[in-house]
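Asker: My structure is below; once you've seen it, I'll send some questions.
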Amino acid sequence: MRKRVAGFLPSSERVTGSKRRSSAGRPVDLPADPRDLACAYRGDDGSYYSYYSSLLNQTSSLADCVRIEAYRECLDRNADNFAGKVVLEVGCGLGLLTILAARAGARRVYAVEASASAAHHARRLVAAHGLENVVTVVSGVAETADIPEQVDIILSEFMGDFLLGGSMIESLVLARDKFLKPDGAVYPSRCEMFLAAACSPGSVEPGLGAYEGVLREFREAGEQLRADFDIDLGALSDAFEQEVRDQTLRRSCGAQLEPRDLLGAPVMVKEIDLQTATLDEVRAVTAGFEINLGAAAESGGRGGGERVLNLWVGWFAIAFEGSPASPCGSTMRCDFGPLSDRGHPQLYQEGFVVHPSVPLGGARSIEGTFEMSRRPGNWRQYDVRIAHLVRLEGGRIGAEADSTYHLN
Ligand SMILES: C[S@@+](CC[C@H](N)C(=O)[O-])C[C@H]1O[C@@H](n2cnc3c(N)ncnc32)[C@H](O)[C@@H]1O
């Protein structure tokens with residue numbers, strides 16, 4: 001489940017746990033052998049899967065035509081690769097992609113879905129389309145599902161917030177290692193993650209507004225306490241500011257940027273080959289980056305004027321290329337970021353507010369490091385850390401910052 005662009009919600013309104021493909025937050029003891037992961041996590045995944053039990057919660061996925069269209073186009077253009085093949089869909093939800101795979105000519109589709117209720121709905125939808133003879137809906141977790149044969153193709157729409165959020169990619173890797181024939185193909189076969197510096201006042205406003213609003217309330221309450229009871233809250237003001245900052249500005253927000261909002265070119269921080277990736281490769285990202293600003297530092301944004309860095313934005317792209325043994329006749333790449341040529345995706349861009357914003361007058365480049373790692377105690381949730389410095393013309397170092405964000 002990806003976030004909607006509406007972005008920031010005060011914590012009281014924020015839906016946690018399953019909405020974010022997250023488990024309830026109970027600490028999990030990680031097994032030494034990654035192959036044991038599927039079993040070890042079972043007990044902690046109730047809220048994650050139960051989110052998908054509700055038809056209501058599936059609405060944003062169903063309305064996500066950019067995503068569905070990408071898969072449909074790939075299947076249409078590569079129907080030859082699907083004709084007569086055995087396909088496994090990992091996490092079929094209500095069965096949309098399974099139906100498309102059956103229509104593309106698959107001989108058999110095993111549609112595995114961990115939410116029993118979603119699997120039930122998928123069975124009904126498959127029957128309503130007259131595809132029961134081709135599709136077997138399997139209720140259970142893909143990694144441990146009972147699939148009676150090895151498959152030619154694994155199909156999955158596993159992408160979470162900033163790709164890795166929710167960690168469903170791990171289920172895909174485990175299911176691939178267990179069920180895919182040696183020369184089989186994973187659809188999609190490759191993903192890329194991008195980070196860009198941006199100037200987007202509209203994206204940061206909700207978080208910043210909440211941050212300033214709560215601090216204002218704290219100040220007013222403090223003044224009242226001092227006047228009425230001679231109690232000074234000053235000793236707590238740093239701790240209060242830190243807590244409000246964590247709750248408002250240190251959580252990612254949905255963003256919907258356009259190319260003119262970007263400062264310089266995006267950098268690819270991770271590429272994953274889904275045909276071969278190991279569990280370790282899909283669990284974390286660490287990358288250094290350098291963004292040359294050129295003229296972007298001076299002008300070109302909405303409204304003109306001097307530009308500031310006030311947002312980092314992350315997104316991903318997927319590619320359908322088939323496998324070396326069974327390549328796609330028509331390869332496809334679908335980028336869900338600001339540079340997308342597939343209309344304007346409603347979801348998929350993840351914003352990280354930079355506060356205070358950084359003026360870029362006289363700046364030559366921004367250098368830094370990007371890290372995305374699992375939050376201790378919850379394998380489905382991620383933290384993002386971005387450390388950066390501004391390199392000025394002449395080589396001097398300008399503003400520096402190092403912030404960790406909760407992938408919301
Ligand atoms: C983002 S939805 C995609 C649903 C569907 N493929 C579509 O495109 O509309 C992910 C689905 O995968 C299911 N899921 C996640 N991890 C799974 C796993 N390990 N085994 C089976 N199903 C899983 C979830 O319950 C959810 O229904």
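Convention: chains lettered A, B, ... in structure tokens order; per-chain residue numbering from 1; ligands numbered from 1 as shown.
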Any idea what's packed within 7 Å of Val358 in chain A, counting only C-alpha atoms, ignoring anything in its chain fewer than 2 positions away? Could you give it as a PDB file with N, CA and C atoms, in the first residue's frame?

Answerer:
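Saved the output as part.pdb:
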ATOM      1  N   VAL A 308      15.731  27.029  -2.984  1.00  0.00           N
ATOM      2  CA  VAL A 308      16.255  26.425  -1.761  1.00  0.00           C
ATOM      3  C   VAL A 308      16.066  24.915  -1.858  1.00  0.00           C
ATOM      4  N   LEU A 309      16.898  24.189  -1.124  1.00  0.00           N
ATOM      5  CA  LEU A 309      16.663  22.758  -0.955  1.00  0.00           C
ATOM      6  C   LEU A 309      15.736  22.618   0.246  1.00  0.00           C
ATOM      7  N   ASN A 310      14.500  22.163   0.019  1.00  0.00           N
ATOM      8  CA  ASN A 310      13.614  21.955   1.164  1.00  0.00           C
ATOM      9  C   ASN A 310      12.987  20.560   1.178  1.00  0.00           C
ATOM     10  N   PRO A 356      15.793  23.448   8.734  1.00  0.00           N
ATOM     11  CA  PRO A 356      15.488  24.596   7.888  1.00  0.00           C
ATOM     12  C   PRO A 356      15.930  24.339   6.440  1.00  0.00           C
ATOM     13  N   LEU A 360      20.442  28.083  -1.921  1.00  0.00           N
ATOM     14  CA  LEU A 360      21.434  27.492  -2.816  1.00  0.00           C
ATOM     15  C   LEU A 360      22.207  28.526  -3.638  1.00  0.00           C
ATOM     16  N   ALA A 399      26.207  24.702   3.875  1.00  0.00           N
ATOM     17  CA  ALA A 399      25.382  24.068   4.908  1.00  0.00           C
ATOM     18  C   ALA A 399      25.558  22.554   4.923  1.00  0.00           C
TER      19      ALA A 399
END

Asker: Would you mind listing what lies within 7 Å of Ala198 in chain A as a PDB file with C-alpha atoms, in the first residue's frame, with only C-alpha atoms counted and same-chain residues fewer than 2 positions away left out?

Answerer:
ATOM      1  CA  ALA A 196      16.581  13.779  -5.985  1.00  0.00           C
ATOM      2  CA  SER A 200       8.790  22.236  -3.456  1.00  0.00           C
ATOM      3  CA  ASP A 261      10.741  21.034  -8.894  1.00  0.00           C
ATOM      4  CA  LEU A 262      13.962  19.038  -9.074  1.00  0.00           C
ATOM      5  CA  LEU A 263      17.366  20.533  -8.345  1.00  0.00           C
ATOM      6  CA  LEU A 309      16.663  22.758  -0.955  1.00  0.00           C
ATOM      7  CA  ASN A 310      13.614  21.955   1.164  1.00  0.00           C
ATOM      8  CA  LEU A 311      12.802  18.395   0.165  1.00  0.00           C
ATOM      9  CA  TRP A 312      14.473  15.138  -0.722  1.00  0.00           C
ATOM     10  CA  VAL A 313      12.310  12.980  -2.893  1.00  0.00           C
TER      11      VAL A 313
END

Asker: Here is a test: counting only C-alpha atoms and all ligand atoms, which residue of A:Arg396, A:Arg333, A:Arg283, A:Arg380 is nearest to ligand 1?

Answerer: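 Closest to ligand 1, using only C-alpha atoms and all ligand atoms: A:Arg380.
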
Asker: Residues contacting ligand 1 - anything with an atom at most 7 Å away, using only C-alpha atoms and all ligand atoms - can you give me those as number ranges by chain?

Answerer: A: 1, 49, 52, 61-62, 68, 90-97, 112-115, 118, 140-143, 156-159, 168, 171

Asker: Based on the selection just made, write N, CA and C atoms of those residues as an mmCIF file, in the first residue's frame.

Answerer:
data_model
loop_
_atom_site.group_PDB
_atom_site.id
_atom_site.type_symbol
_atom_site.label_atom_id
_atom_site.label_comp_id
_atom_site.auth_asym_id
_atom_site.auth_seq_id
_atom_site.Cartn_x
_atom_site.Cartn_y
_atom_site.Cartn_z
ATOM 1 N N MET A 1 0.839 -1.198 0.000
ATOM 2 C CA MET A 1 0.000 0.000 0.000
ATOM 3 C C MET A 1 0.867 1.238 0.000
ATOM 4 N N TYR A 49 -1.332 -8.473 6.927
ATOM 5 C CA TYR A 49 -2.209 -9.155 5.978
ATOM 6 C C TYR A 49 -3.668 -8.768 6.173
ATOM 7 N N TYR A 52 -5.212 -6.136 4.016
ATOM 8 C CA TYR A 52 -5.651 -6.482 2.661
ATOM 9 C C TYR A 52 -6.941 -7.297 2.659
ATOM 10 N N SER A 61 -5.523 0.761 -4.391
ATOM 11 C CA SER A 61 -4.831 -0.118 -5.344
ATOM 12 C C SER A 61 -5.651 -0.289 -6.608
ATOM 13 N N LEU A 62 -6.979 -0.442 -6.422
ATOM 14 C CA LEU A 62 -7.846 -0.669 -7.579
ATOM 15 C C LEU A 62 -7.895 0.568 -8.478
ATOM 16 N N ILE A 68 -1.595 -0.637 -12.886
ATOM 17 C CA ILE A 68 -2.247 -1.758 -13.576
ATOM 18 C C ILE A 68 -1.941 -1.692 -15.072
ATOM 19 N N VAL A 90 2.673 -13.876 -6.827
ATOM 20 C CA VAL A 90 2.940 -13.738 -5.392
ATOM 21 C C VAL A 90 2.137 -12.549 -4.883
ATOM 22 N N GLY A 91 1.135 -12.816 -4.046
ATOM 23 C CA GLY A 91 0.300 -11.753 -3.491
ATOM 24 C C GLY A 91 -0.686 -11.240 -4.513
ATOM 25 N N CYS A 92 -1.701 -12.046 -4.815
ATOM 26 C CA CYS A 92 -2.590 -11.678 -5.942
ATOM 27 C C CYS A 92 -3.659 -10.669 -5.554
ATOM 28 N N GLY A 93 -3.809 -10.385 -4.240
ATOM 29 C CA GLY A 93 -4.876 -9.456 -3.859
ATOM 30 C C GLY A 93 -6.208 -9.947 -4.387
ATOM 31 N N LEU A 94 -6.901 -9.109 -5.115
ATOM 32 C CA LEU A 94 -8.212 -9.491 -5.652
ATOM 33 C C LEU A 94 -8.087 -10.216 -6.994
ATOM 34 N N GLY A 95 -6.865 -10.381 -7.475
ATOM 35 C CA GLY A 95 -6.664 -11.223 -8.656
ATOM 36 C C GLY A 95 -6.593 -10.494 -9.987
ATOM 37 N N LEU A 96 -6.401 -9.166 -9.946
ATOM 38 C CA LEU A 96 -6.401 -8.414 -11.215
ATOM 39 C C LEU A 96 -5.291 -8.878 -12.161
ATOM 40 N N LEU A 97 -4.066 -8.972 -11.640
ATOM 41 C CA LEU A 97 -2.937 -9.325 -12.513
ATOM 42 C C LEU A 97 -3.041 -10.784 -12.941
ATOM 43 N N VAL A 112 -1.416 -16.794 -5.412
ATOM 44 C CA VAL A 112 -1.272 -17.003 -3.967
ATOM 45 C C VAL A 112 -1.560 -15.700 -3.232
ATOM 46 N N GLU A 113 -2.381 -15.797 -2.207
ATOM 47 C CA GLU A 113 -2.744 -14.606 -1.438
ATOM 48 C C GLU A 113 -2.810 -14.962 0.050
ATOM 49 N N ALA A 114 -2.065 -14.170 0.849
ATOM 50 C CA ALA A 114 -1.955 -14.474 2.276
ATOM 51 C C ALA A 114 -3.204 -14.086 3.058
ATOM 52 N N SER A 115 -3.926 -13.084 2.590
ATOM 53 C CA SER A 115 -5.160 -12.717 3.288
ATOM 54 C C SER A 115 -6.276 -13.652 2.812
ATOM 55 N N ALA A 118 -9.116 -11.811 1.098
ATOM 56 C CA ALA A 118 -8.795 -11.346 -0.260
ATOM 57 C C ALA A 118 -8.758 -12.534 -1.220
ATOM 58 N N GLY A 140 -2.808 -18.502 1.318
ATOM 59 C CA GLY A 140 -1.648 -18.776 2.175
ATOM 60 C C GLY A 140 -0.503 -17.853 1.826
ATOM 61 N N VAL A 141 0.597 -18.067 2.524
ATOM 62 C CA VAL A 141 1.781 -17.235 2.333
ATOM 63 C C VAL A 141 2.638 -17.862 1.230
ATOM 64 N N ALA A 142 3.058 -17.052 0.276
ATOM 65 C CA ALA A 142 3.712 -17.586 -0.924
ATOM 66 C C ALA A 142 4.945 -18.430 -0.591
ATOM 67 N N GLU A 143 5.715 -17.997 0.395
ATOM 68 C CA GLU A 143 6.963 -18.687 0.698
ATOM 69 C C GLU A 143 6.737 -20.135 1.122
ATOM 70 N N SER A 156 4.527 -10.463 -9.846
ATOM 71 C CA SER A 156 4.177 -9.890 -8.538
ATOM 72 C C SER A 156 4.151 -8.375 -8.576
ATOM 73 N N GLU A 157 3.220 -7.829 -7.829
ATOM 74 C CA GLU A 157 3.184 -6.386 -7.605
ATOM 75 C C GLU A 157 3.453 -6.227 -6.114
ATOM 76 N N PHE A 158 4.720 -6.143 -5.794
ATOM 77 C CA PHE A 158 5.199 -6.240 -4.412
ATOM 78 C C PHE A 158 5.671 -4.895 -3.885
ATOM 79 N N MET A 159 5.609 -3.854 -4.706
ATOM 80 C CA MET A 159 6.316 -2.616 -4.383
ATOM 81 C C MET A 159 5.623 -1.859 -3.258
ATOM 82 N N MET A 168 7.735 -6.712 1.237
ATOM 83 C CA MET A 168 7.152 -7.818 0.473
ATOM 84 C C MET A 168 8.136 -8.358 -0.562
ATOM 85 N N SER A 171 9.461 -11.688 0.294
ATOM 86 C CA SER A 171 8.615 -12.852 -0.006
ATOM 87 C C SER A 171 8.805 -13.265 -1.465
#

Asker: Which residues are near Ile386 in chain A? Cut-off 8 Å, only C-alpha atoms, ignore same chain within fewer than 6 positions. Put them as a PyMOL selection string.

Answerer: chain A and resi 368-371+402-404

Asker: Using only C-alpha atoms, which protein or nucleic acid residues come within 9 Å of range 214-220 of chain A? Drop anything in the same chain fewer than 6 positions from it, and give the result as a PyMOL selection string.

Answerer: chain A and resi 233+237+240-241+244

Asker: Would you export the selected residues with C-alpha atoms as a CSV table (one decimal), in the first residue's frame, please?

Answerer:
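Final output, saved to selection_18.csv:
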chain,number,residue,atom,x,y,z
A,233,LEU,CA,8.4,25.1,31.0
A,237,SER,CA,11.4,23.1,25.5
A,240,PHE,CA,9.4,19.2,23.3
A,241,GLU,CA,10.7,20.6,20.0
A,244,VAL,CA,7.3,17.5,17.6

Asker: Work out how far apart CA of Ile153 in chain A and CA of Arg190 in chain A are and give it in Å to one decimal.

Answerer: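 CA of Arg190 in chain A lies 14.2 Å from CA of Ile153 in chain A.
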
Asker: I need the residue nearest Ala145 in chain A from this list: A:Lys178, A:Ala119, A:Gly264, A:Gly234. Use only C-alpha atoms for the distance.

Answerer: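 For Ala145 in chain A, the nearest of the given residues is A:Lys178.
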
Asker: Would you please give, as number ranges by chain, all residues of range 56-245 of chain A that DSSP assigns to strand (DSSP E) based on the backbone?

Answerer: A: 86-90, 108-113, 135-139, 151-156, 180-187, 190-198

Asker: Please run DSSP on the backbone and report, as a PyMOL selection string, all residues within range 118-347 of chain A that come out as helix (DSSP H, G or I).

Answerer: chain A and resi 118-128+142-144+168-179+201-229+233-248+259-261+280-282+294-297

Asker: Could you tell me how far CA of Gly166 in chain A lies from CA of Asn378 in chain A, in Å and to one decimal?

Answerer: 9.8 Å

Asker: Interatomic distance between CA of Leu293 in chain A and CA of Glu393 in chain A?

Answerer: 10.7 Å

Asker: Excluding Thr276 in chain A and its own-chain neighbours fewer than 2 positions away, which residues fall within 10 Å of it when counting only C-alpha atoms? Please give them as an MDAnalysis selection string.

Answerer: chainID A and resid 173 176:177 186 189:190 272:274 278:279 281
